[in-house]
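One file, work31.pdb, carrying PDB, C-alpha atoms, pLDDT in the B column:
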ATOM      1  CA  MET A  52     108.202 110.605  68.017  1.00 44.00           C
ATOM      2  CA  THR A  53     106.344 113.514  69.614  1.00 45.00           C
ATOM      3  CA  LYS A  54     105.584 111.462  72.735  1.00 50.00           C
ATOM      4  CA  ILE A  55     109.284 110.823  73.314  1.00 52.00           C
ATOM      5  CA  TRP A  56     110.077 114.491  72.793  1.00 51.00           C
ATOM      6  CA  ARG A  57     107.350 115.528  75.248  1.00 58.00           C
ATOM      7  CA  LYS A  58     108.541 113.017  77.839  1.00 55.00           C
ATOM      8  CA  GLN A  59     112.104 114.307  77.568  1.00 59.00           C
ATOM      9  CA  GLU A  60     110.885 117.902  77.797  1.00 60.00           C
ATOM     10  CA  TRP A  61     108.809 117.030  80.879  1.00 55.00           C
ATOM     11  CA  GLU A  62     111.754 115.317  82.611  1.00 62.00           C
ATOM     12  CA  ARG A  63     114.066 118.215  81.736  1.00 63.00           C
ATOM     13  CA  MET A  64     111.549 120.707  83.113  1.00 59.00           C
ATOM     14  CA  ASN A  65     111.156 118.689  86.342  1.00 58.00           C
ATOM     15  CA  SER A  66     114.891 118.243  86.791  1.00 60.00           C
ATOM     16  CA  ASN A  67     115.263 122.030  86.779  1.00 57.00           C
ATOM     17  CA  ASN A  68     113.077 122.246  89.906  1.00 53.00           C
ATOM     18  CA  ASN A  69     115.805 120.485  91.967  1.00 51.00           C
ATOM     19  CA  ASN A  70     113.178 118.689  94.078  1.00 52.00           C
ATOM     20  CA  ASN A  71     113.963 115.365  95.680  1.00 50.00           C
ATOM     21  CA  GLU A  72     110.519 114.087  94.648  1.00 54.00           C
ATOM     22  CA  LYS A  73     110.108 111.594  91.850  1.00 54.00           C
ATOM     23  CA  SER A  74     108.248 112.903  88.833  1.00 55.00           C
ATOM     24  CA  LEU A  75     105.143 111.020  87.756  1.00 54.00           C
ATOM     25  CA  LEU A  76     106.991 109.755  84.681  1.00 54.00           C
ATOM     26  CA  GLN A  77     109.744 108.217  86.801  1.00 54.00           C
ATOM     27  CA  LYS A  78     107.317 106.127  88.853  1.00 52.00           C
ATOM     28  CA  THR A  79     106.431 102.767  87.393  1.00 52.00           C
ATOM     29  CA  THR A  80     102.941 101.924  86.218  1.00 48.00           C
ATOM     30  CA  VAL A  81     102.705  99.462  89.127  1.00 52.00           C
ATOM     31  CA  ASP A  82     103.057 102.354  91.579  1.00 73.00           C
ATOM     32  CA  LEU A  83     100.442 104.586  89.941  1.00 83.00           C
ATOM     33  CA  LYS A  84      96.935 103.944  88.688  1.00 81.00           C
ATOM     34  CA  ARG A  85      95.110 106.402  86.452  1.00 82.00           C
ATOM     35  CA  ARG A  86      91.968 107.852  88.003  1.00 80.00           C
ATOM     36  CA  THR A  87      88.849 106.878  86.043  1.00 82.00           C
ATOM     37  CA  SER A  88      86.019 108.236  88.218  1.00 82.00           C
ATOM     38  CA  SER A  89      85.322 110.880  90.814  1.00 83.00           C
ATOM     39  CA  THR A  90      85.647 108.452  93.724  1.00 85.00           C
ATOM     40  CA  VAL A  91      88.963 107.076  94.905  1.00 87.00           C
ATOM     41  CA  PRO A  92      88.788 103.285  95.443  1.00 90.00           C
ATOM     42  CA  PHE A  93      89.549 101.691  98.795  1.00 92.00           C
ATOM     43  CA  GLY A  94      93.279 101.085  99.126  1.00 91.00           C
ATOM     44  CA  TYR A  95      94.353 104.072  97.030  1.00 91.00           C
ATOM     45  CA  LYS A  96      94.956 107.776  97.579  1.00 92.00           C
ATOM     46  CA  LEU A  97      95.488 110.660  95.191  1.00 89.00           C
ATOM     47  CA  THR A  98      99.068 111.594  94.418  1.00 87.00           C
ATOM     48  CA  GLU A  99     100.243 114.856  95.882  1.00 86.00           C
ATOM     49  CA  ASN A 100     101.426 116.257  92.551  1.00 84.00           C
ATOM     50  CA  ASP A 101      98.614 115.260  90.195  1.00 83.00           C
ATOM     51  CA  ASP A 102      94.930 114.562  90.837  1.00 85.00           C
ATOM     52  CA  HIS A 103      94.712 112.294  87.771  1.00 87.00           C
ATOM     53  CA  TYR A 104      96.775 109.511  89.344  1.00 89.00           C
ATOM     54  CA  MET A 105      96.366 107.384  92.451  1.00 90.00           C
ATOM     55  CA  GLU A 106      98.992 105.553  94.442  1.00 91.00           C
ATOM     56  CA  PRO A 107      98.363 102.422  96.510  1.00 91.00           C
ATOM     57  CA  VAL A 108      98.171 102.488 100.293  1.00 92.00           C
ATOM     58  CA  GLU A 109      99.786  99.205 101.356  1.00 93.00           C
ATOM     59  CA  LYS A 110      98.165  99.069 104.812  1.00 94.00           C
ATOM     60  CA  GLN A 111      94.669  99.387 103.331  1.00 94.00           C
ATOM     61  CA  LEU A 112      95.308  96.856 100.554  1.00 94.00           C
ATOM     62  CA  GLU A 113      96.705  94.274 102.992  1.00 94.00           C
ATOM     63  CA  ALA A 114      93.724  94.748 105.315  1.00 95.00           C
ATOM     64  CA  LEU A 115      91.329  94.454 102.366  1.00 95.00           C
ATOM     65  CA  GLU A 116      92.919  91.158 101.275  1.00 95.00           C
ATOM     66  CA  ALA A 117      92.610  89.760 104.792  1.00 95.00           C
ATOM     67  CA  VAL A 118      88.936  90.719 105.022  1.00 95.00           C
ATOM     68  CA  GLU A 119      88.241  89.367 101.528  1.00 94.00           C
ATOM     69  CA  GLU A 120      89.530  85.949 102.540  1.00 94.00           C
ATOM     70  CA  MET A 121      87.501  85.947 105.763  1.00 94.00           C
ATOM     71  CA  VAL A 122      84.296  86.925 103.926  1.00 94.00           C
ATOM     72  CA  VAL A 123      84.851  84.409 101.116  1.00 93.00           C
ATOM     73  CA  ASN A 124      85.427  81.651 103.696  1.00 92.00           C
ATOM     74  CA  GLU A 125      82.262  82.889 105.476  1.00 91.00           C
ATOM     75  CA  GLU A 126      84.122  83.488 108.730  1.00 94.00           C
ATOM     76  CA  ILE A 127      82.667  87.018 109.049  1.00 95.00           C
ATOM     77  CA  SER A 128      79.825  88.922 107.398  1.00 95.00           C
ATOM     78  CA  LEU A 129      80.236  91.779 104.929  1.00 95.00           C
ATOM     79  CA  ARG A 130      79.085  94.299 107.535  1.00 96.00           C
ATOM     80  CA  ASP A 131      81.525  92.994 110.154  1.00 96.00           C
ATOM     81  CA  GLY A 132      84.276  93.132 107.542  1.00 95.00           C
ATOM     82  CA  CYS A 133      83.446  96.780 106.862  1.00 96.00           C
ATOM     83  CA  TYR A 134      83.569  97.598 110.567  1.00 96.00           C
ATOM     84  CA  TRP A 135      86.910  95.796 110.897  1.00 95.00           C
ATOM     85  CA  LEU A 136      88.361  97.666 107.910  1.00 95.00           C
ATOM     86  CA  GLU A 137      87.220 101.016 109.266  1.00 95.00           C
ATOM     87  CA  ASN A 138      88.683 100.324 112.718  1.00 95.00           C
ATOM     88  CA  HIS A 139      91.937  98.971 111.307  1.00 93.00           C
ATOM     89  CA  THR A 140      92.601 101.518 108.519  1.00 93.00           C
ATOM     90  CA  GLY A 141      90.524 104.560 109.460  1.00 94.00           C
ATOM     91  CA  ARG A 142      88.807 104.561 106.070  1.00 93.00           C
ATOM     92  CA  SER A 143      85.188 103.515 105.673  1.00 94.00           C
ATOM     93  CA  ILE A 144      83.663 101.268 103.038  1.00 95.00           C
ATOM     94  CA  SER A 145      80.046 100.187 102.646  1.00 96.00           C
ATOM     95  CA  PRO A 146      78.990  96.532 102.673  1.00 96.00           C
ATOM     96  CA  ALA A 147      77.785  96.937  99.082  1.00 96.00           C
ATOM     97  CA  GLY A 148      81.173  98.340  98.088  1.00 95.00           C
ATOM     98  CA  LEU A 149      82.996  95.467  99.767  1.00 96.00           C
ATOM     99  CA  LYS A 150      80.654  92.976  98.091  1.00 95.00           C
ATOM    100  CA  LYS A 151      81.378  94.528  94.705  1.00 94.00           C
ATOM    101  CA  ILE A 152      85.140  94.198  95.253  1.00 94.00           C
ATOM    102  CA  ILE A 153      84.817  90.569  96.391  1.00 94.00           C
ATOM    103  CA  ASP A 154      82.438  89.605  93.575  1.00 94.00           C
ATOM    104  CA  LYS A 155      84.755  91.114  90.979  1.00 93.00           C
ATOM    105  CA  LYS A 156      87.759  89.215  92.331  1.00 92.00           C
ATOM    106  CA  HIS A 157      86.256  85.910  93.523  1.00 90.00           C
ATOM    107  CA  GLY A 158      82.888  85.720  91.735  1.00 88.00           C
ATOM    108  CA  THR A 159      79.474  85.858  93.346  1.00 89.00           C
ATOM    109  CA  ARG A 160      78.638  83.660  96.335  1.00 87.00           C
ATOM    110  CA  ASN A 161      76.552  81.291  94.191  1.00 87.00           C
ATOM    111  CA  GLU A 162      79.409  80.948  91.707  1.00 87.00           C
ATOM    112  CA  ARG A 163      81.862  80.220  94.529  1.00 84.00           C
ATOM    113  CA  LEU A 164      79.571  77.547  95.989  1.00 84.00           C
ATOM    114  CA  GLY A 165      78.996  75.960  92.577  1.00 86.00           C
ATOM    115  CA  TYR A 166      75.281  76.712  92.231  1.00 86.00           C
ATOM    116  CA  THR A 167      74.045  77.133  88.694  1.00 71.00           C
ATOM    117  CA  SER A 168      70.999  79.059  87.724  1.00 61.00           C
TER     118      SER A 168
END
I need this file expressed as structure tokens, please.
Amino acid sequence: MTKIWRKQEWERMNSNNNNNEKSLLQKTTVDLKRRTSSTVPFGYKLTENDDHYMEPVEKQLEALEAVEEMVVNEEISLRDGCYWLENHTGRSISPAGLKKIIDKKHGTRNERLGYTS
């Protein structure tokens, strides 16, 4: 019951500011992601109102998906993918960071090729 009361108090307090901005409670959980570490992941930026939440940057996420597919299909290398992302989005990422993202989503290269150890 206290959570509902606090949410209503927060919305009432924000509605008194007469800003045209959405409050963090009015945004859906799809729009915002809670920050869990000191670094902001590729494809996200900190919200302007609160440093504890991140919002997606569509241009970066679309570019990342395109590069992921090219790397998984072995059309380009990890390093070339990083260069392409930096030129296309203006934000840098290391080859190790890109590899970590791809491995988490698609599995390691050996797993994708069907090798067993």
I need the residue set behind the PyMOL selection byres ((chain A and resi 86) around 12) for this file; please write it as an MDAnalysis selection string. chainID A and resid 83:85 87:92 95:98 101:107
Pick out the residues sitting within 9 Å of Val108 of chain A, and hand them over as number ranges by chain; count only C-alpha atoms, and ignore anything fewer than 3 positions along from it in its own chain. A: 93-96, 111-113
Expanded to explicit residues, what is the PyMOL selection byres ((chain A and resi 114-123) around 12) for this file, as number ranges by chain? A: 92-95, 108-113, 124-144, 146, 148-164
Atoms added to segment 105-134 of chain A (N, CA and C atoms), reported as an mmCIF file, in the coordinates of the input:
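The resulting rebuild21.cif:
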data_model
loop_
_atom_site.group_PDB
_atom_site.id
_atom_site.type_symbol
_atom_site.label_atom_id
_atom_site.label_comp_id
_atom_site.auth_asym_id
_atom_site.auth_seq_id
_atom_site.Cartn_x
_atom_site.Cartn_y
_atom_site.Cartn_z
ATOM 1 N N MET A 105 96.520 107.866 91.084
ATOM 2 C CA MET A 105 96.366 107.384 92.451
ATOM 3 C C MET A 105 97.536 106.457 92.764
ATOM 4 N N GLU A 106 97.945 106.466 94.017
ATOM 5 C CA GLU A 106 98.992 105.553 94.442
ATOM 6 C C GLU A 106 98.428 104.624 95.499
ATOM 7 N N PRO A 107 98.906 103.382 95.548
ATOM 8 C CA PRO A 107 98.363 102.422 96.510
ATOM 9 C C PRO A 107 98.775 102.738 97.941
ATOM 10 N N VAL A 108 97.892 102.388 98.867
ATOM 11 C CA VAL A 108 98.171 102.488 100.293
ATOM 12 C C VAL A 108 98.288 101.044 100.781
ATOM 13 N N GLU A 109 99.508 100.610 101.053
ATOM 14 C CA GLU A 109 99.786 99.205 101.356
ATOM 15 C C GLU A 109 98.992 98.698 102.559
ATOM 16 N N LYS A 110 98.881 99.503 103.607
ATOM 17 C CA LYS A 110 98.165 99.069 104.812
ATOM 18 C C LYS A 110 96.710 98.746 104.491
ATOM 19 N N GLN A 111 96.067 99.602 103.685
ATOM 20 C CA GLN A 111 94.669 99.387 103.331
ATOM 21 C C GLN A 111 94.507 98.171 102.425
ATOM 22 N N LEU A 112 95.409 97.993 101.471
ATOM 23 C CA LEU A 112 95.308 96.856 100.554
ATOM 24 C C LEU A 112 95.530 95.529 101.275
ATOM 25 N N GLU A 113 96.477 95.497 102.219
ATOM 26 C CA GLU A 113 96.705 94.274 102.992
ATOM 27 C C GLU A 113 95.492 93.947 103.859
ATOM 28 N N ALA A 114 94.911 94.961 104.482
ATOM 29 C CA ALA A 114 93.724 94.748 105.315
ATOM 30 C C ALA A 114 92.557 94.274 104.457
ATOM 31 N N LEU A 115 92.412 94.847 103.265
ATOM 32 C CA LEU A 115 91.329 94.454 102.366
ATOM 33 C C LEU A 115 91.482 92.997 101.946
ATOM 34 N N GLU A 116 92.691 92.556 101.646
ATOM 35 C CA GLU A 116 92.919 91.158 101.275
ATOM 36 C C GLU A 116 92.565 90.218 102.420
ATOM 37 N N ALA A 117 92.920 90.600 103.628
ATOM 38 C CA ALA A 117 92.610 89.760 104.792
ATOM 39 C C ALA A 117 91.102 89.637 104.980
ATOM 40 N N VAL A 118 90.396 90.740 104.851
ATOM 41 C CA VAL A 118 88.936 90.719 105.022
ATOM 42 C C VAL A 118 88.281 89.957 103.883
ATOM 43 N N GLU A 119 88.795 90.114 102.663
ATOM 44 C CA GLU A 119 88.241 89.367 101.528
ATOM 45 C C GLU A 119 88.270 87.871 101.803
ATOM 46 N N GLU A 120 89.406 87.379 102.271
ATOM 47 C CA GLU A 120 89.530 85.949 102.540
ATOM 48 C C GLU A 120 88.566 85.502 103.630
ATOM 49 N N MET A 121 88.412 86.313 104.679
ATOM 50 C CA MET A 121 87.501 85.947 105.763
ATOM 51 C C MET A 121 86.056 85.927 105.278
ATOM 52 N N VAL A 122 85.668 86.876 104.427
ATOM 53 C CA VAL A 122 84.296 86.925 103.926
ATOM 54 C C VAL A 122 84.048 85.768 102.952
ATOM 55 N N VAL A 123 85.006 85.501 102.078
ATOM 56 C CA VAL A 123 84.851 84.409 101.116
ATOM 57 C C VAL A 123 84.735 83.070 101.836
ATOM 58 N N ASN A 124 85.498 82.888 102.906
ATOM 59 C CA ASN A 124 85.427 81.651 103.696
ATOM 60 C C ASN A 124 84.257 81.659 104.669
ATOM 61 N N GLU A 125 83.447 82.709 104.643
ATOM 62 C CA GLU A 125 82.262 82.889 105.476
ATOM 63 C C GLU A 125 82.583 82.833 106.967
ATOM 64 N N GLU A 126 83.750 83.384 107.327
ATOM 65 C CA GLU A 126 84.122 83.488 108.730
ATOM 66 C C GLU A 126 83.491 84.722 109.368
ATOM 67 N N ILE A 127 83.332 85.796 108.574
ATOM 68 C CA ILE A 127 82.667 87.018 109.049
ATOM 69 C C ILE A 127 81.709 87.498 107.968
ATOM 70 N N SER A 128 80.786 88.375 108.355
ATOM 71 C CA SER A 128 79.825 88.922 107.398
ATOM 72 C C SER A 128 80.435 90.141 106.703
ATOM 73 N N LEU A 129 79.782 90.581 105.643
ATOM 74 C CA LEU A 129 80.236 91.779 104.929
ATOM 75 C C LEU A 129 80.243 92.993 105.857
ATOM 76 N N ARG A 130 79.185 93.145 106.638
ATOM 77 C CA ARG A 130 79.085 94.299 107.535
ATOM 78 C C ARG A 130 80.186 94.277 108.593
ATOM 79 N N ASP A 131 80.444 93.110 109.167
ATOM 80 C CA ASP A 131 81.525 92.994 110.154
ATOM 81 C C ASP A 131 82.876 93.283 109.506
ATOM 82 N N GLY A 132 83.043 92.845 108.268
ATOM 83 C CA GLY A 132 84.276 93.132 107.542
ATOM 84 C C GLY A 132 84.459 94.624 107.327
ATOM 85 N N CYS A 133 83.378 95.324 107.039
ATOM 86 C CA CYS A 133 83.446 96.780 106.862
ATOM 87 C C CYS A 133 83.820 97.475 108.163
ATOM 88 N N TYR A 134 83.226 97.021 109.269
ATOM 89 C CA TYR A 134 83.569 97.598 110.567
ATOM 90 C C TYR A 134 85.044 97.353 110.895
#
